[in-house]
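One file, upload32.txt, carrying compact mmCIF, C-alpha atoms:
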```txt
# COMPACT_ATOMS: atom_id res chain seq x y z
CA MET A 1 61.34 -34.99 0.30
CA ASP A 2 61.20 -35.10 4.09
CA LEU A 3 62.86 -38.50 3.88
CA VAL A 4 65.75 -37.06 1.84
CA GLU A 5 66.20 -34.22 4.35
CA ARG A 6 66.30 -36.72 7.20
CA TYR A 7 68.78 -38.86 5.29
CA LEU A 8 71.07 -35.93 4.58
CA ASN A 9 70.78 -34.70 8.14
CA ALA A 10 71.85 -38.11 9.44
CA ILE A 11 74.88 -38.07 7.11
CA ARG A 12 75.75 -34.50 8.17
CA PHE A 13 76.08 -35.65 11.79
CA TRP A 14 79.07 -37.92 11.01
CA LEU A 15 80.93 -35.61 8.64
CA PRO A 16 83.93 -33.45 9.63
CA LYS A 17 82.86 -29.90 10.49
CA ASN A 18 84.74 -28.21 7.65
CA GLN A 19 83.20 -30.53 5.02
CA LYS A 20 79.61 -30.75 6.23
CA ALA A 21 78.04 -28.01 4.07
CA ASP A 22 79.99 -28.86 0.93
CA VAL A 23 79.43 -32.62 0.98
CA ILE A 24 75.76 -32.33 1.90
CA ALA A 25 75.09 -29.81 -0.90
CA GLU A 26 76.73 -32.12 -3.42
CA LEU A 27 74.94 -35.24 -2.18
CA ALA A 28 71.62 -33.36 -2.11
CA GLU A 29 72.11 -32.37 -5.75
CA ASP A 30 72.98 -35.95 -6.71
CA ILE A 31 69.91 -37.36 -4.96
CA ARG A 32 67.62 -34.71 -6.51
CA SER A 33 69.00 -35.41 -9.97
CA GLN A 34 68.45 -39.12 -9.48
CA ILE A 35 64.90 -38.60 -8.23
CA GLU A 36 64.10 -36.35 -11.19
CA GLU A 37 65.40 -38.95 -13.60
CA ARG A 38 63.32 -41.67 -11.97
CA GLU A 39 60.24 -39.46 -12.07
CA LYS A 40 60.72 -38.92 -15.82
CA GLU A 41 61.20 -42.66 -16.26
CA PHE A 42 58.08 -43.62 -14.21
CA GLY A 43 55.98 -40.66 -15.41
CA HIS A 44 54.89 -39.68 -11.88
CA PRO A 45 56.38 -38.15 -8.72
CA LEU A 46 58.08 -40.73 -6.54
CA ASP A 47 56.13 -41.79 -3.48
CA GLU A 48 57.73 -42.30 -0.08
CA GLU A 49 58.31 -46.00 -0.63
CA GLU A 50 60.15 -45.39 -3.91
CA VAL A 51 62.29 -42.65 -2.36
CA SER A 52 63.00 -44.95 0.57
CA ALA A 53 64.15 -47.74 -1.80
CA LEU A 54 66.40 -45.28 -3.63
CA LEU A 55 68.03 -44.10 -0.38
CA LYS A 56 68.39 -47.64 0.90
CA LYS A 57 70.36 -48.51 -2.22
CA ARG A 58 72.78 -45.65 -1.48
CA GLY A 59 73.70 -47.13 1.90
CA SER A 60 73.16 -46.15 5.52
CA PRO A 61 74.05 -42.56 6.49
CA PHE A 62 76.90 -43.88 8.63
CA THR A 63 78.35 -45.87 5.70
CA VAL A 64 78.02 -42.95 3.27
CA ALA A 65 79.61 -40.48 5.72
CA GLY A 66 82.37 -42.99 6.51
CA ARG A 67 83.57 -42.90 2.91
CA PHE A 68 84.33 -39.21 3.25
CA LEU A 69 86.38 -39.71 6.41
CA PRO A 70 90.08 -40.61 6.45
CA GLN A 71 90.76 -44.28 7.23
CA ARG A 72 91.66 -44.60 10.91
CA HIS A 73 92.39 -47.56 13.15
CA LEU A 74 93.86 -48.17 16.58
CA VAL A 75 95.80 -51.25 15.51
CA GLY A 76 96.57 -51.62 11.81
CA PRO A 77 96.77 -54.79 9.70
CA GLN A 78 100.55 -55.07 10.17
CA LEU A 79 100.46 -55.15 13.96
CA TYR A 80 97.10 -56.90 14.25
CA PRO A 81 98.43 -60.51 14.15
CA ILE A 82 100.90 -59.69 16.98
CA TYR A 83 98.13 -57.91 18.90
CA GLU A 84 95.91 -60.98 18.58
CA PHE A 85 98.80 -63.24 19.63
CA VAL A 86 99.49 -61.15 22.76
CA LEU A 87 95.79 -61.18 23.69
CA LYS A 88 95.74 -64.98 23.36
CA LEU A 89 98.94 -65.20 25.39
CA ALA A 90 97.45 -63.06 28.16
CA ALA A 91 94.34 -65.23 28.14
CA GLY A 92 96.43 -68.42 28.19
CA ILE A 93 98.83 -67.36 30.92
CA TYR A 94 96.49 -65.56 33.27
CA LEU A 95 92.77 -65.70 32.49
CA ILE A 96 92.35 -69.39 31.69
CA PRO A 97 94.47 -70.60 34.69
CA ALA A 98 92.64 -68.16 36.98
CA PHE A 99 89.32 -69.45 35.71
CA LEU A 100 90.49 -73.06 36.20
CA VAL A 101 91.56 -72.25 39.77
CA TRP A 102 88.07 -70.84 40.39
CA VAL A 103 86.49 -74.01 38.95
CA CYS A 104 88.81 -76.21 41.06
CA LEU A 105 87.95 -74.23 44.18
CA LEU A 106 84.29 -74.85 43.44
CA ILE A 107 84.76 -78.56 42.83
CA PHE A 108 87.37 -79.53 45.40
CA VAL A 109 86.89 -77.05 48.23
CA PRO A 110 83.49 -77.51 49.89
CA SER A 111 84.14 -74.66 52.31
CA TYR A 112 84.64 -72.25 49.37
CA ARG A 113 81.41 -73.50 47.83
CA ALA A 114 79.58 -73.08 51.12
CA ALA A 115 81.00 -69.60 51.72
CA HIS A 116 80.06 -68.46 48.21
CA SER A 117 76.52 -69.69 47.72
CA GLY A 118 74.04 -68.08 45.33
CA ALA A 119 75.07 -64.84 43.65
CA ALA A 120 78.24 -64.64 45.77
CA LEU A 121 79.53 -67.62 43.78
CA PHE A 122 80.23 -65.30 40.85
CA GLN A 123 81.90 -62.59 42.91
CA GLY A 124 85.21 -64.34 42.36
CA LEU A 125 84.56 -64.19 38.63
CA GLY A 126 83.77 -60.48 38.93
CA SER A 127 87.35 -59.60 39.76
CA LEU A 128 88.48 -61.88 36.92
CA TRP A 129 86.36 -59.87 34.48
CA THR A 130 87.77 -56.62 35.82
CA THR A 131 91.31 -57.94 35.38
CA ALA A 132 90.46 -59.24 31.89
CA LEU A 133 89.06 -55.87 30.80
CA THR A 134 91.99 -53.97 32.31
CA MET A 135 94.43 -56.32 30.58
CA PHE A 136 92.58 -55.95 27.26
CA ALA A 137 92.56 -52.16 27.58
CA MET A 138 96.25 -51.96 28.51
CA ILE A 139 97.32 -54.24 25.66
CA THR A 140 95.15 -52.31 23.19
CA VAL A 141 96.53 -48.94 24.32
CA GLY A 142 100.08 -50.34 24.14
CA PHE A 143 99.52 -51.52 20.58
CA ALA A 144 97.83 -48.27 19.57
CA VAL A 145 100.98 -46.42 20.69
CA GLY A 146 103.10 -49.06 18.90
CA GLU A 147 101.03 -48.53 15.74
CA ARG A 148 101.78 -44.79 15.74
CA LEU A 149 105.49 -45.36 16.35
CA GLN A 150 105.63 -48.05 13.69
CA ARG A 151 103.94 -45.76 11.17
CA GLN A 152 106.48 -43.04 11.89
CA SER A 153 109.34 -45.53 11.67
CA ALA A 154 108.02 -46.96 8.37
CA ALA A 155 107.70 -43.43 6.99
CA ARG A 156 111.36 -42.80 7.85
CA GLY A 157 112.29 -46.13 6.25
CA ASP A 158 114.56 -47.13 9.16
CA TRP A 159 114.16 -50.86 8.86
CA ASN A 160 117.13 -53.19 8.76
CA PRO A 161 116.80 -56.79 7.48
CA ARG A 162 119.95 -57.70 9.46
CA ARG A 163 118.05 -57.07 12.68
CA LEU A 164 115.46 -59.76 11.93
CA PRO A 165 115.41 -62.57 14.55
CA ALA A 166 116.91 -65.95 13.63
CA VAL A 167 114.49 -68.68 12.56
CA ARG A 168 113.63 -70.74 15.62
CA ASN A 169 113.10 -74.47 15.38
CA VAL A 170 110.26 -75.04 17.83
CA LEU A 171 110.86 -78.80 17.87
CA ARG A 172 114.48 -78.50 18.93
CA ILE A 173 115.42 -78.15 22.61
CA PRO A 174 118.51 -76.00 23.15
CA ARG A 175 121.28 -78.04 24.82
CA ALA A 176 121.77 -75.36 27.49
CA SER A 177 118.12 -75.78 28.42
CA SER A 178 118.52 -79.59 28.69
CA LEU A 179 121.60 -79.16 30.88
CA ALA A 180 119.75 -76.76 33.16
CA ASP A 181 116.85 -79.26 33.30
CA ILE A 182 119.20 -82.09 34.35
CA VAL A 183 120.82 -80.05 37.12
CA ALA A 184 117.51 -78.68 38.43
CA ASN A 185 115.74 -82.06 38.37
CA LEU A 186 118.68 -83.82 40.04
CA LEU A 187 118.69 -81.23 42.83
CA VAL A 188 114.93 -81.59 43.32
CA LEU A 189 115.26 -85.40 43.30
CA VAL A 190 117.98 -85.40 45.96
CA TRP A 191 115.91 -82.95 48.05
CA TRP A 192 112.76 -85.03 47.62
CA LEU A 193 114.60 -88.20 48.69
CA GLY A 194 115.77 -86.38 51.83
CA GLY A 195 119.33 -85.70 50.77
CA PHE A 196 119.15 -82.19 52.20
CA SER A 197 116.58 -79.77 53.53
CA PHE A 198 116.10 -76.04 53.43
CA PRO A 199 116.21 -74.37 56.80
CA ILE A 200 112.82 -72.76 57.38
CA VAL A 201 113.34 -69.45 59.06
CA LEU A 202 110.18 -67.80 60.20
CA SER A 203 110.03 -65.27 62.92
CA LEU A 204 107.39 -62.89 64.06
CA ASN A 205 108.47 -59.71 65.83
CA GLY A 206 111.74 -61.39 66.69
CA ALA A 207 110.04 -64.24 68.55
CA SER A 208 110.45 -67.77 67.26
CA ALA A 209 108.98 -70.93 68.65
CA PRO A 210 108.75 -74.55 67.45
CA LEU A 211 106.01 -74.87 64.89
CA PRO A 212 103.55 -77.74 64.75
CA PRO A 213 104.24 -79.94 61.67
CA SER A 214 102.34 -79.09 58.49
CA LEU A 215 99.70 -81.78 57.99
CA LEU A 216 99.22 -80.71 54.37
CA TRP A 217 102.87 -81.16 53.45
CA ARG A 218 103.26 -84.39 55.40
CA ASP A 219 100.20 -85.86 53.71
CA PHE A 220 101.41 -84.75 50.26
CA GLN A 221 104.83 -86.32 50.85
CA THR A 222 103.42 -89.58 52.23
CA ARG A 223 100.82 -90.06 49.51
CA TYR A 224 102.98 -89.22 46.53
CA PHE A 225 106.53 -89.88 47.67
CA PHE A 226 107.12 -92.74 45.25
CA PRO A 227 105.25 -91.42 42.16
CA ILE A 228 106.91 -88.00 42.40
CA ALA A 229 110.35 -89.58 42.80
CA VAL A 230 109.67 -91.63 39.66
CA PHE A 231 108.39 -88.56 37.76
CA ILE A 232 111.48 -86.53 38.65
CA GLY A 233 113.69 -89.49 37.69
CA VAL A 234 111.93 -89.79 34.32
CA SER A 235 112.34 -86.02 33.84
CA VAL A 236 116.11 -86.40 34.36
CA VAL A 237 116.21 -89.22 31.78
CA LEU A 238 114.15 -87.14 29.30
CA ALA A 239 116.48 -84.16 29.75
CA LEU A 240 119.48 -86.46 29.19
CA ILE A 241 117.96 -87.79 25.95
CA ASN A 242 117.17 -84.20 24.88
CA LEU A 243 120.77 -83.29 25.52
CA VAL A 244 122.01 -86.06 23.22
CA ARG A 245 119.22 -85.80 20.65
CA PRO A 246 117.82 -82.27 20.77
CA ASN A 247 115.10 -82.84 18.17
CA LEU A 248 111.90 -83.66 20.01
CA THR A 249 109.78 -86.70 19.26
CA PRO A 250 106.07 -87.18 20.09
CA LEU A 251 107.02 -89.93 22.60
CA ARG A 252 109.23 -87.58 24.61
CA VAL A 253 106.80 -84.68 24.41
CA GLY A 254 103.92 -87.02 25.29
CA THR A 255 105.75 -88.45 28.32
CA ARG A 256 106.47 -84.93 29.54
CA ALA A 257 102.81 -83.96 29.02
CA VAL A 258 101.62 -86.99 31.03
CA ILE A 259 103.93 -86.06 33.93
CA ASP A 260 102.77 -82.46 33.70
CA ALA A 261 99.13 -83.57 33.74
CA ALA A 262 99.65 -85.89 36.73
CA ALA A 263 101.19 -83.22 38.96
CA PRO A 264 98.12 -80.92 39.11
CA ILE A 265 95.86 -83.91 39.81
CA MET A 266 98.01 -84.94 42.81
CA ILE A 267 98.16 -81.35 44.02
CA PHE A 268 94.44 -80.68 43.69
CA VAL A 269 93.52 -83.96 45.42
CA THR A 270 95.77 -83.00 48.36
CA LEU A 271 94.52 -79.41 48.48
CA GLY A 272 90.94 -80.68 48.33
CA ALA A 273 91.56 -83.06 51.23
CA HIS A 274 93.02 -80.23 53.31
CA ALA A 275 90.63 -77.50 52.26
CA GLU A 276 89.43 -76.93 55.84
CA GLU A 277 93.00 -76.63 57.06
CA ILE A 278 93.84 -74.08 54.34
CA ARG A 279 90.73 -72.12 55.13
CA ALA A 280 91.58 -72.18 58.84
CA ALA A 281 95.08 -70.96 58.00
CA TRP A 282 93.60 -68.05 56.04
CA THR A 283 91.23 -67.21 58.88
CA ALA A 284 94.08 -67.35 61.41
CA MET A 285 96.23 -65.11 59.20
CA THR A 286 93.54 -62.53 58.64
CA ALA A 287 91.78 -62.72 62.02
CA GLY A 288 94.82 -61.63 63.98
CA ALA A 289 96.33 -64.86 65.34
CA THR A 290 99.64 -64.30 67.06
CA GLY A 291 102.91 -66.09 67.72
CA PRO A 292 103.52 -69.65 66.47
CA ALA A 293 99.88 -70.04 65.43
CA LYS A 294 100.27 -67.14 62.98
CA LEU A 295 103.61 -68.48 61.71
CA ALA A 296 102.07 -71.90 61.10
CA ALA A 297 99.12 -70.28 59.32
CA ILE A 298 101.44 -68.26 57.05
CA ARG A 299 103.47 -71.38 56.29
CA ASP A 300 100.40 -73.51 55.45
CA TRP A 301 98.81 -70.82 53.33
CA SER A 302 102.06 -70.16 51.47
CA LEU A 303 102.49 -73.88 50.92
CA ALA A 304 98.98 -74.21 49.46
CA LEU A 305 99.57 -71.18 47.24
CA THR A 306 102.93 -72.51 46.02
CA LEU A 307 101.40 -75.90 45.21
CA GLY A 308 98.60 -74.11 43.32
CA ILE A 309 101.13 -72.14 41.28
CA ILE A 310 103.10 -75.32 40.52
CA ALA A 311 99.86 -77.02 39.39
CA ALA A 312 99.05 -74.09 37.09
CA ALA A 313 102.57 -74.13 35.63
CA CYS A 314 102.35 -77.89 35.02
CA LEU A 315 98.95 -77.49 33.33
CA PHE A 316 100.39 -74.79 31.07
CA SER A 317 103.36 -77.02 30.24
CA CYS A 318 101.01 -79.94 29.51
CA VAL A 319 98.92 -77.85 27.09
CA ARG A 320 102.12 -76.62 25.44
CA GLY A 321 103.24 -80.25 25.03
CA VAL A 322 99.96 -81.23 23.36
CA LEU A 323 100.26 -78.25 21.00
CA ARG A 324 103.83 -79.27 20.19
CA ILE A 325 102.69 -82.76 19.24
CA LYS A 326 100.04 -81.23 16.97
CA ARG A 327 102.65 -79.00 15.37
CA TRP A 328 105.03 -81.94 14.96
CA ARG A 329 102.29 -83.90 13.18
CA ALA A 330 101.47 -80.91 10.97
CA LEU A 331 105.14 -80.54 10.01
CA GLN A 332 105.39 -84.29 9.40
CA SER A 333 102.42 -84.27 7.08
CA SER A 334 103.85 -81.28 5.21
CA GLY A 335 107.20 -83.13 4.98
CA ARG A 336 109.17 -80.44 6.84
CA ALA A 337 109.92 -82.28 10.12
CA MET B 1 85.62 -70.34 -7.35
CA THR B 2 82.35 -69.03 -5.91
CA ASN B 3 80.44 -66.10 -7.39
CA ASP B 4 81.34 -64.02 -4.32
CA GLN B 5 85.05 -64.63 -4.86
CA PHE B 6 84.72 -63.71 -8.53
CA GLU B 7 82.77 -60.58 -7.62
CA ASN B 8 85.42 -59.51 -5.07
CA LEU B 9 88.24 -59.97 -7.58
CA ARG B 10 86.26 -58.23 -10.31
CA LEU B 11 85.63 -55.23 -8.04
CA GLU B 12 89.28 -55.15 -7.03
CA LEU B 13 90.32 -55.18 -10.67
CA ARG B 14 87.95 -52.34 -11.57
CA ARG B 15 88.70 -50.28 -8.44
CA GLY B 16 92.21 -49.55 -9.64
CA CYS B 17 90.89 -48.26 -12.97
CA VAL B 18 88.28 -45.84 -11.55
CA PRO B 19 90.63 -42.86 -10.91
CA LEU B 20 91.98 -43.12 -14.45
CA ALA B 21 88.45 -43.29 -15.90
CA VAL B 22 87.37 -40.29 -13.80
CA LEU B 23 90.38 -38.20 -14.80
CA ALA B 24 89.88 -39.08 -18.46
CA GLU B 25 86.18 -38.27 -18.34
CA LEU B 26 86.86 -34.92 -16.66
CA ARG B 27 88.85 -33.59 -19.59
CA ARG B 28 85.35 -32.22 -20.27
CA GLU B 29 83.86 -30.22 -17.37
CA GLN B 30 81.02 -32.01 -15.62
CA TYR B 31 79.22 -32.14 -12.29
CA GLY B 32 78.97 -35.26 -10.15
CA TYR B 33 75.70 -36.71 -11.40
CA THR B 34 76.44 -36.27 -15.12
CA LEU B 35 79.92 -37.69 -14.57
CA ARG B 36 78.43 -40.74 -12.91
CA LYS B 37 75.98 -41.20 -15.78
CA ALA B 38 78.68 -40.73 -18.41
CA LEU B 39 80.87 -43.35 -16.75
CA ALA B 40 77.94 -45.78 -16.46
CA GLU B 41 77.04 -45.31 -20.13
CA ARG B 42 80.60 -46.24 -21.07
CA GLY B 43 80.39 -49.42 -18.97
CA MET B 44 82.28 -48.04 -15.97
CA ALA B 45 79.49 -47.68 -13.40
CA VAL B 46 80.73 -46.16 -10.14
CA ASP B 47 78.44 -45.74 -7.17
CA GLU B 48 78.11 -42.32 -5.58
CA GLY B 49 79.67 -43.57 -2.33
CA THR B 50 82.90 -44.19 -4.22
CA LEU B 51 82.76 -41.33 -6.72
CA TYR B 52 82.28 -38.29 -4.48
CA PRO B 53 85.02 -39.15 -1.93
CA LEU B 54 87.32 -39.92 -4.91
CA LEU B 55 86.58 -36.54 -6.48
CA ARG B 56 87.46 -34.87 -3.18
CA ARG B 57 90.67 -36.83 -2.90
CA LEU B 58 91.73 -36.01 -6.45
CA GLU B 59 90.91 -32.37 -5.85
CA SER B 60 92.87 -32.28 -2.59
CA HIS B 61 95.85 -33.73 -4.50
CA GLY B 62 95.55 -30.88 -6.98
CA LEU B 63 94.54 -33.05 -9.95
CA LEU B 64 91.05 -31.57 -10.22
CA ALA B 65 89.59 -28.13 -9.80
CA SER B 66 85.96 -27.38 -9.03
CA ASP B 67 83.55 -24.50 -8.70
CA TRP B 68 79.93 -24.12 -7.69
CA ARG B 69 77.64 -22.73 -10.37
CA GLU B 70 73.92 -22.53 -10.83
CA GLU B 71 72.35 -24.64 -13.56
CA ASP B 72 68.62 -25.19 -13.97
CA LYS B 73 68.19 -22.95 -10.91
CA ARG B 74 70.14 -25.34 -8.75
CA PRO B 75 73.71 -25.00 -7.43
CA LYS B 76 75.99 -27.67 -8.87
CA ARG B 77 79.63 -28.37 -8.39
CA PHE B 78 81.46 -28.61 -11.69
CA TYR B 79 84.78 -30.47 -11.89
CA HIS B 80 87.51 -30.26 -14.50
CA LEU B 81 91.12 -31.41 -14.86
CA SER B 82 93.77 -29.08 -13.51
CA SER B 83 97.06 -28.68 -15.39
CA GLU B 84 98.66 -31.10 -12.92
CA GLY B 85 95.75 -33.49 -13.54
CA GLN B 86 96.40 -33.32 -17.30
CA ARG B 87 100.05 -34.19 -16.75
CA ILE B 88 99.20 -37.13 -14.47
CA LEU B 89 96.49 -38.34 -16.85
CA LYS B 90 99.04 -38.47 -19.66
CA GLN B 91 101.43 -40.53 -17.50
CA LEU B 92 98.67 -42.82 -16.27
CA SER B 93 97.41 -43.38 -19.82
CA ALA B 94 100.89 -44.46 -20.88
CA GLU B 95 101.04 -46.77 -17.86
CA TRP B 96 97.64 -48.18 -18.78
CA GLU B 97 98.84 -48.92 -22.30
CA THR B 98 101.85 -50.77 -20.89
CA ILE B 99 99.75 -52.78 -18.47
CA THR B 100 97.18 -53.82 -21.09
CA ALA B 101 99.95 -54.75 -23.54
CA SER B 102 101.72 -56.83 -20.88
CA LEU B 103 98.52 -58.48 -19.75
CA ASN B 104 97.51 -59.28 -23.31
CA GLU B 105 100.89 -60.88 -23.81
CA ILE B 106 100.59 -62.87 -20.56
CA MET B 107 97.04 -63.93 -21.36
CA LYS B 108 98.13 -65.05 -24.82
CA GLU B 109 100.88 -67.22 -23.29
CA THR B 110 98.44 -68.59 -20.73
CA ASN B 111 95.97 -69.50 -23.48
CA HIS B 112 98.73 -71.29 -25.41
CA GLY B 113 99.84 -73.09 -22.24
CA SER B 114 96.35 -74.24 -21.36
CA ARG B 115 95.82 -75.89 -24.70
```
Let me see whether you can do it: turn the structure in this file into structure tokens.
Amino acid sequence: MDLVERYLNAIRFWLPKNQKADVIAELAEDIRSQIEEREKEFGHPLDEEEVSALLKKRGSPFTVAGRFLPQRHLVGPQLYPIYEFVLKLAAGIYLIPAFLVWVCLLIFVPSYRAAHSGAALFQGLGSLWTTALTMFAMITVGFAVGERLQRQSAARGDWNPRRLPAVRNVLRIPRASSLADIVANLLVLVWWLGGFSFPIVLSLNGASAPLPPSLLWRDFQTRYFFPIAVFIGVSVVLALINLVRPNLTPLRVGTRAVIDAAAPIMIFVTLGAHAEEIRAAWTAMTAGATGPAKLAAIRDWSLALTLGIIAAACLFSCVRGVLRIKRWRALQSSGRA
Amino acid sequence: MTNDQFENLRLELRRGCVPLAVLAELRREQYGYTLRKALAERGMAVDEGTLYPLLRRLESHGLLASDWREEDKRPKRFYHLSSEGQRILKQLSAEWETITASLNEIMKETNHGSR
């Protein structure tokens, strides 16, 4: 009987205060009745093993107690698919690119590798974990609040079918978007070919002085002048085709994905080749360099950061292109494309 | 269809019938264990993890009434239908008749169609 007492005691722990005594008394009676019946059936008092088997069949104390509790959840089945989608989105937009940047730093930047040897290598990942957990917690709390509001709204019945969003054709590029693409790419092309330049205004405490040329930028321009000009030109042509024929084809999406994949490679090769320079720029910025040296350091560091962001955006666009092709194929095979 | 799938659907089908069976069985006053046995003997076995929370829910909705009494020198909680429970049982029984009649009709058509 000690086993039954322990079992009931474990159930009691999880029950709501105002139900504890009542539920336990009823369960105790049920178990005793069952044991008595078994004893009559077997013709002898149940031993510990038989009582244990009987209790095991009833389920763990936590499971039994759980059935007496009201059903509760932070995010319910209606919001859960959106919750999962947002978590994936957060992972895709921030966590995966941040992780890739960390991997690229390890592979292409020897100074980073040298400065973060041994356990220090994972310090960079430590902050990533903290951000990931914070992001997860914030999204979960947001959805938990949304769940409560949605439950209240559903109870009031204030839902209007007319407010549902229009069906979006994911394989169709809006013409406005194609037009914007054409204008933006043409501007970038003219700038890249030297048609105009942006005045760089940098001043520190009101003092300005001629800056030494950026080796990183000059190298990037020299190495990839022609390929990038071609890529931008192809982008203009693609946007023009999209404008005339807005329904995407795998060839167009694939071409875009190849361009998007090439850009990060060019950027990472250049950043890798100038890793020491970038590191020196960081040191100069943080170690209190002054005057033109500090301005040049800020410029080089900002340039490296901007190129890194462009590479991440291109990678994201490339992955999106590949997913689009998969979706196109899926729609084709289902006869809906 | 795997056995697991069949078992899940079978349980789902029976789950909806349990409250009706419990209400019908409690036209006669009983305590939890005897109710469970009575249901099992009539081919409607319900495990205690389902039965006791259901009894509480039905009581909180005012369909059942209960009181603790001593029997065989042990305190037992006896349940019986309340007047509201009797009214609901009547309605549910009528609904059950409609469902079984409709299903029989549908099954008959299905059997004809599958020939």
I need the contact residues of chain A against chain B, so if you could list those with any atom within 9 Å, counting only C-alpha atoms, and return them as a tab-separated table (two decimals) with C-alpha atoms, in the coordinates of the input, that would help.
```tsv
chain	number	residue	atom	x	y	z
A	23	VAL	CA	79.43	-32.62	0.98
A	25	ALA	CA	75.09	-29.81	-0.90
A	26	GLU	CA	76.73	-32.12	-3.42
A	27	LEU	CA	74.94	-35.24	-2.18
A	29	GLU	CA	72.11	-32.37	-5.75
A	30	ASP	CA	72.98	-35.95	-6.71
A	31	ILE	CA	69.91	-37.36	-4.96
A	33	SER	CA	69.00	-35.41	-9.97
A	34	GLN	CA	68.45	-39.12	-9.48
A	58	ARG	CA	72.78	-45.65	-1.48
A	59	GLY	CA	73.70	-47.13	1.90
A	63	THR	CA	78.35	-45.87	5.70
A	64	VAL	CA	78.02	-42.95	3.27
A	65	ALA	CA	79.61	-40.48	5.72
A	67	ARG	CA	83.57	-42.90	2.91
A	68	PHE	CA	84.33	-39.21	3.25
A	69	LEU	CA	86.38	-39.71	6.41
```
Checklist entry - CA of Ile107 (chain A) to CA of Ala263 (chain A): how many Å, to one decimal? => result 17.5 Å
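Omitting Ala132 (chain A) and its sequence neighbours fewer than 4 positions away, and counting only C-alpha atoms, the residues within 9 Å are Ala90, Ala91, Tyr94, Leu95, Ser127, Leu128, Phe136 and Ala137 of chain A.
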Checklist entry - Between CA of Leu35 (chain B) and CA of Gly85 (chain B), what is the spacing in Å? => result 16.4 Å
First collect every listed atom of region 32-36 of chain B; then fit an axis-aligned box around them, widen it by 5 Å on each side, and give centre and edge lengths in Å to one decimal, as JSON.
```
{"center_x": 77.8, "center_y": -38.0, "center_z": -12.6, "size_x": 14.2, "size_y": 15.5, "size_z": 15.0}
```
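Computed from the coordinates, the CA of Ser83 (chain B) to CA of Ala38 (chain B) distance equals 22.2 Å.
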Checklist entry - So which one's closest to Val22 (chain B), B:Asp72, B:Glu59, B:Glu95, B:Glu105? Using all atoms listed in the file, please. => result B:Glu59
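Minimum atom-to-atom distance to Gly142 (chain A), evaluated using only C-alpha atoms, belongs to A:Leu79 out of A:Leu89, A:Leu79, A:Leu171, A:Leu189.
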Next on the checklist: I'd like the neighbourhood of Pro77 (chain A) as a ChimeraX atom specification, where a residue qualifies if any of its atoms comes within 12 Å (using only C-alpha atoms), though same-chain residues fewer than 3 positions away should be ignored.
Outcome noted: /A:72-74,80-84,143-144,147,150-151
Checklist entry - Can you tell me, as a PyMOL selection string, what residues are no more than 12 Å from region 245-249 of chain A when counting all atoms listed in the file, ignoring any on the same chain fewer than 2 positions away? => result chain A and resi 169-179+238-243+251-256+321-322+324-329+332+337
Pull C-alpha atoms from the residues just selected and write them as a CSV table (one decimal), in the frame of the given file.
```csv
chain,number,residue,atom,x,y,z
A,169,ASN,CA,113.1,-74.5,15.4
A,170,VAL,CA,110.3,-75.0,17.8
A,171,LEU,CA,110.9,-78.8,17.9
A,172,ARG,CA,114.5,-78.5,18.9
A,173,ILE,CA,115.4,-78.2,22.6
A,174,PRO,CA,118.5,-76.0,23.2
A,175,ARG,CA,121.3,-78.0,24.8
A,176,ALA,CA,121.8,-75.4,27.5
A,177,SER,CA,118.1,-75.8,28.4
A,178,SER,CA,118.5,-79.6,28.7
A,179,LEU,CA,121.6,-79.2,30.9
A,238,LEU,CA,114.2,-87.1,29.3
A,239,ALA,CA,116.5,-84.2,29.8
A,240,LEU,CA,119.5,-86.5,29.2
A,241,ILE,CA,118.0,-87.8,26.0
A,242,ASN,CA,117.2,-84.2,24.9
A,243,LEU,CA,120.8,-83.3,25.5
A,251,LEU,CA,107.0,-89.9,22.6
A,252,ARG,CA,109.2,-87.6,24.6
A,253,VAL,CA,106.8,-84.7,24.4
A,254,GLY,CA,103.9,-87.0,25.3
A,255,THR,CA,105.8,-88.4,28.3
A,256,ARG,CA,106.5,-84.9,29.5
A,321,GLY,CA,103.2,-80.2,25.0
A,322,VAL,CA,100.0,-81.2,23.4
A,324,ARG,CA,103.8,-79.3,20.2
A,325,ILE,CA,102.7,-82.8,19.2
A,326,LYS,CA,100.0,-81.2,17.0
A,327,ARG,CA,102.6,-79.0,15.4
A,328,TRP,CA,105.0,-81.9,15.0
A,329,ARG,CA,102.3,-83.9,13.2
A,332,GLN,CA,105.4,-84.3,9.4
A,337,ALA,CA,109.9,-82.3,10.1
```
Next on the checklist: Show me the residues around (85.5, -35.7, -15.6) - criterion: an atom at most 10 Å away, all atoms listed in the file counted - as a PyMOL selection string.
Outcome noted: chain B and resi 19-32+34-36+38-39+55+64+78-81
Item to check | Surrounding residues of Cys17 (chain B) excluding itself and chain neighbours under 6 positions, 12 Å, all atoms listed in the file, as a ChimeraX atom specification | outcome: /B:10-11,23-24,39,44-46,92-93,95-96,99-100
Residue selection dump (C-alpha atoms) as a JSON list (two decimals), in the frame of the given file:
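Done, and the output landed in again.json:
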```json
[["chain", "number", "residue", "atom", "x", "y", "z"],
["B", 10, "ARG", "CA", 86.26, -58.23, -10.31],
["B", 11, "LEU", "CA", 85.63, -55.23, -8.04],
["B", 23, "LEU", "CA", 90.38, -38.20, -14.80],
["B", 24, "ALA", "CA", 89.88, -39.08, -18.46],
["B", 39, "LEU", "CA", 80.87, -43.35, -16.75],
["B", 44, "MET", "CA", 82.28, -48.04, -15.97],
["B", 45, "ALA", "CA", 79.49, -47.68, -13.40],
["B", 46, "VAL", "CA", 80.73, -46.16, -10.14],
["B", 92, "LEU", "CA", 98.67, -42.82, -16.27],
["B", 93, "SER", "CA", 97.41, -43.38, -19.82],
["B", 95, "GLU", "CA", 101.04, -46.77, -17.86],
["B", 96, "TRP", "CA", 97.64, -48.18, -18.78],
["B", 99, "ILE", "CA", 99.75, -52.78, -18.47],
["B", 100, "THR", "CA", 97.18, -53.82, -21.09]]
```
